[in-house]
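All remarks here apply to the structure that follows.
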Amino acid sequence: MTFDAYLAVSGRTAVIHLSGELTDARVTALRALLGQAVRQPVDRLVLRLGELTSLAAGGVRCVALAQQELPQGTDLVLEGARDAVLSALRLGGVHAVAVPAAPPSPAPPAPPAPAPHSLHAIRR
């Protein structure tokens, strides 16, 4: 499986979206994005991890180091991380706000039932 990552900055929030398998061979791509994000004047760094299937130890170290470089008061948010990825980050010393993945869209509402006193004509 491949690994893909990109950074987007909107206002005072930087978002890094990660997908696929983050192996040690691909850690340099993550390191570069985290470096760019840390240099931005942001109050919040969000890591979107819902599509990340695995995280190598080198990736955990990159996130932990980036967290140390963030200015005091900057929030680090781990969004949608699978249990294994979240566990690896926490074991690696990353202390962040964990946000579950967005719940699936609700089903459309059922049509309203007829009023109990309505009359229905039946023709034969």
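The way I read the labels, and the way they are meant: chains A, B, ... in the order of the structure tokens, residue 1 as the first residue of every chain, and ligand 1 as the first ligand shown, with later ones counted on from there.
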
**Ser10 in chain A surroundings by only C-alpha atoms, 12 Å radius, close-in-sequence under 4 positions cut, as a PyMOL selection string** = chain A and resi 14-16+37+40-46

Would you save the residues from that selection as a PDB file, in the first residue's frame, using all heavy atoms?
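Output below, filename again02.pdb:
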```
ATOM      1  N   ALA A  14      -3.542  24.459  11.059  1.00  0.00           N
ATOM      2  CA  ALA A  14      -2.826  23.662  10.058  1.00  0.00           C
ATOM      3  C   ALA A  14      -3.358  22.240  10.148  1.00  0.00           C
ATOM      4  O   ALA A  14      -3.524  21.702  11.245  1.00  0.00           O
ATOM      5  CB  ALA A  14      -1.325  23.686  10.325  1.00  0.00           C
ATOM      6  N   VAL A  15      -3.622  21.640   8.997  1.00  0.00           N
ATOM      7  CA  VAL A  15      -4.154  20.274   8.946  1.00  0.00           C
ATOM      8  C   VAL A  15      -3.233  19.443   8.073  1.00  0.00           C
ATOM      9  O   VAL A  15      -2.940  19.813   6.932  1.00  0.00           O
ATOM     10  CB  VAL A  15      -5.585  20.250   8.367  1.00  0.00           C
ATOM     11  CG1 VAL A  15      -6.096  18.820   8.290  1.00  0.00           C
ATOM     12  CG2 VAL A  15      -6.519  21.116   9.196  1.00  0.00           C
ATOM     13  N   ILE A  16      -2.783  18.316   8.619  1.00  0.00           N
ATOM     14  CA  ILE A  16      -2.003  17.352   7.845  1.00  0.00           C
ATOM     15  C   ILE A  16      -2.854  16.104   7.701  1.00  0.00           C
ATOM     16  O   ILE A  16      -3.264  15.506   8.691  1.00  0.00           O
ATOM     17  CB  ILE A  16      -0.654  17.018   8.518  1.00  0.00           C
ATOM     18  CG1 ILE A  16       0.215  18.273   8.599  1.00  0.00           C
ATOM     19  CG2 ILE A  16       0.064  15.914   7.736  1.00  0.00           C
ATOM     20  CD1 ILE A  16       1.545  18.059   9.303  1.00  0.00           C
ATOM     21  N   ALA A  37       4.410  22.879   9.096  1.00  0.00           N
ATOM     22  CA  ALA A  37       3.272  23.224   9.966  1.00  0.00           C
ATOM     23  C   ALA A  37       3.731  23.936  11.226  1.00  0.00           C
ATOM     24  O   ALA A  37       3.110  24.910  11.661  1.00  0.00           O
ATOM     25  CB  ALA A  37       2.498  21.957  10.328  1.00  0.00           C
ATOM     26  N   GLN A  40       4.365  27.645  10.869  1.00  0.00           N
ATOM     27  CA  GLN A  40       3.207  28.495  10.594  1.00  0.00           C
ATOM     28  C   GLN A  40       2.729  29.158  11.897  1.00  0.00           C
ATOM     29  O   GLN A  40       2.832  28.562  12.962  1.00  0.00           O
ATOM     30  CB  GLN A  40       2.048  27.674  10.014  1.00  0.00           C
ATOM     31  CG  GLN A  40       2.358  26.986   8.712  1.00  0.00           C
ATOM     32  CD  GLN A  40       2.572  27.968   7.578  1.00  0.00           C
ATOM     33  OE1 GLN A  40       1.864  28.957   7.455  1.00  0.00           O
ATOM     34  NE2 GLN A  40       3.565  27.683   6.759  1.00  0.00           N
ATOM     35  N   PRO A  41       2.154  30.353  11.813  1.00  0.00           N
ATOM     36  CA  PRO A  41       1.582  30.978  13.020  1.00  0.00           C
ATOM     37  C   PRO A  41       0.187  30.404  13.295  1.00  0.00           C
ATOM     38  O   PRO A  41      -0.826  31.000  12.947  1.00  0.00           O
ATOM     39  CB  PRO A  41       1.526  32.457  12.641  1.00  0.00           C
ATOM     40  CG  PRO A  41       1.353  32.449  11.154  1.00  0.00           C
ATOM     41  CD  PRO A  41       2.107  31.241  10.657  1.00  0.00           C
ATOM     42  N   VAL A  42       0.154  29.207  13.874  1.00  0.00           N
ATOM     43  CA  VAL A  42      -1.125  28.527  14.108  1.00  0.00           C
ATOM     44  C   VAL A  42      -1.383  28.321  15.594  1.00  0.00           C
ATOM     45  O   VAL A  42      -0.452  28.289  16.398  1.00  0.00           O
ATOM     46  CB  VAL A  42      -1.195  27.172  13.365  1.00  0.00           C
ATOM     47  CG1 VAL A  42      -1.132  27.364  11.858  1.00  0.00           C
ATOM     48  CG2 VAL A  42      -0.097  26.229  13.821  1.00  0.00           C
ATOM     49  N   ASP A  43      -2.649  28.187  15.917  1.00  0.00           N
ATOM     50  CA  ASP A  43      -3.073  27.864  17.281  1.00  0.00           C
ATOM     51  C   ASP A  43      -3.424  26.391  17.411  1.00  0.00           C
ATOM     52  O   ASP A  43      -3.620  25.896  18.515  1.00  0.00           O
ATOM     53  CB  ASP A  43      -4.319  28.679  17.665  1.00  0.00           C
ATOM     54  CG  ASP A  43      -4.052  30.170  17.656  1.00  0.00           C
ATOM     55  OD1 ASP A  43      -2.942  30.574  18.046  1.00  0.00           O
ATOM     56  OD2 ASP A  43      -4.954  30.929  17.253  1.00  0.00           O
ATOM     57  N   ARG A  44      -3.537  25.727  16.258  1.00  0.00           N
ATOM     58  CA  ARG A  44      -4.000  24.341  16.264  1.00  0.00           C
ATOM     59  C   ARG A  44      -3.368  23.587  15.104  1.00  0.00           C
ATOM     60  O   ARG A  44      -3.351  24.058  13.977  1.00  0.00           O
ATOM     61  CB  ARG A  44      -5.515  24.359  16.128  1.00  0.00           C
ATOM     62  CG  ARG A  44      -6.158  23.040  16.026  1.00  0.00           C
ATOM     63  CD  ARG A  44      -7.646  23.228  15.989  1.00  0.00           C
ATOM     64  NE  ARG A  44      -8.124  22.336  17.017  1.00  0.00           N
ATOM     65  CZ  ARG A  44      -9.358  22.058  17.252  1.00  0.00           C
ATOM     66  NH1 ARG A  44     -10.309  22.650  16.601  1.00  0.00           N
ATOM     67  NH2 ARG A  44      -9.683  21.207  18.175  1.00  0.00           N
ATOM     68  N   LEU A  45      -2.833  22.401  15.425  1.00  0.00           N
ATOM     69  CA  LEU A  45      -2.300  21.486  14.413  1.00  0.00           C
ATOM     70  C   LEU A  45      -3.138  20.226  14.472  1.00  0.00           C
ATOM     71  O   LEU A  45      -3.199  19.562  15.509  1.00  0.00           O
ATOM     72  CB  LEU A  45      -0.828  21.167  14.665  1.00  0.00           C
ATOM     73  CG  LEU A  45      -0.201  20.076  13.791  1.00  0.00           C
ATOM     74  CD1 LEU A  45      -0.315  20.415  12.307  1.00  0.00           C
ATOM     75  CD2 LEU A  45       1.255  19.860  14.182  1.00  0.00           C
ATOM     76  N   VAL A  46      -3.810  19.925  13.372  1.00  0.00           N
ATOM     77  CA  VAL A  46      -4.690  18.758  13.298  1.00  0.00           C
ATOM     78  C   VAL A  46      -4.026  17.709  12.415  1.00  0.00           C
ATOM     79  O   VAL A  46      -3.618  18.000  11.290  1.00  0.00           O
ATOM     80  CB  VAL A  46      -6.067  19.134  12.704  1.00  0.00           C
ATOM     81  CG1 VAL A  46      -6.963  17.904  12.601  1.00  0.00           C
ATOM     82  CG2 VAL A  46      -6.741  20.214  13.538  1.00  0.00           C
TER      83      VAL A  46
END
```

**Request:** Please provide the set of residues having any atom within 8 Å of Val99 in chain A, restricted to only C-alpha atoms, with same-chain residues fewer than 2 positions apart removed, written as a PyMOL selection string.
**Result:** chain A and resi 77-81+97+101

Write the residues of the selection above to a file with N, CA, C and O atoms, as an mmCIF file, in the first residue's frame.
```cif
data_model
loop_
_atom_site.group_PDB
_atom_site.id
_atom_site.type_symbol
_atom_site.label_atom_id
_atom_site.label_comp_id
_atom_site.auth_asym_id
_atom_site.auth_seq_id
_atom_site.Cartn_x
_atom_site.Cartn_y
_atom_site.Cartn_z
ATOM 1 N N VAL A 77 -4.215 18.033 17.661
ATOM 2 C CA VAL A 77 -5.442 17.240 17.603
ATOM 3 C C VAL A 77 -5.204 16.042 16.694
ATOM 4 O O VAL A 77 -4.760 16.187 15.555
ATOM 5 N N LEU A 78 -5.502 14.844 17.210
ATOM 6 C CA LEU A 78 -5.413 13.613 16.429
ATOM 7 C C LEU A 78 -6.837 13.237 16.044
ATOM 8 O O LEU A 78 -7.628 12.839 16.892
ATOM 9 N N GLU A 79 -7.156 13.370 14.777
ATOM 10 C CA GLU A 79 -8.526 13.196 14.330
ATOM 11 C C GLU A 79 -8.720 11.857 13.618
ATOM 12 O O GLU A 79 -8.026 11.562 12.648
ATOM 13 N N GLY A 80 -9.659 11.067 14.122
ATOM 14 C CA GLY A 80 -10.063 9.843 13.450
ATOM 15 C C GLY A 80 -9.067 8.703 13.478
ATOM 16 O O GLY A 80 -9.151 7.794 12.668
ATOM 17 N N ALA A 81 -8.118 8.712 14.407
ATOM 18 C CA ALA A 81 -7.082 7.676 14.438
ATOM 19 C C ALA A 81 -7.654 6.323 14.815
ATOM 20 O O ALA A 81 -8.493 6.211 15.703
ATOM 21 N N VAL A 97 -5.210 15.942 21.968
ATOM 22 C CA VAL A 97 -6.648 15.735 22.017
ATOM 23 C C VAL A 97 -6.991 14.740 20.914
ATOM 24 O O VAL A 97 -6.660 14.969 19.751
ATOM 25 N N ALA A 101 -13.317 9.689 14.445
ATOM 26 C CA ALA A 101 -13.739 9.984 13.078
ATOM 27 C C ALA A 101 -15.177 10.450 13.089
ATOM 28 O O ALA A 101 -15.951 10.104 13.981
#
```

**Message:** I'd like to know which of A:Gly20, A:Gly50, A:Gly58, A:Pro71 is closest to Pro100 in chain A, using only C-alpha atoms.
**Reply:** A:Gly50

**Request:** May I have the residues within 12 Å of Val60 in chain A as an NGL selection string, using only C-alpha atoms and disregarding those fewer than 4 positions away in the same chain?
**Result:** :A and (22-24 or 27 or 30-31 or 34 or 54-56 or 64-67 or 84-95)

**Request:** Could you tell me, as a count of residues only, which residues of range 30-111 of chain A DSSP assigns to strand (DSSP E or B) when given the backbone?
**Result:** 20

**Interatomic distance, CA of Gly35 in chain A to CA of Arg12 in chain A (Å, one decimal)** =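 About the pair CA of Gly35 in chain A and CA of Arg12 in chain A: they are 15.8 Å apart.
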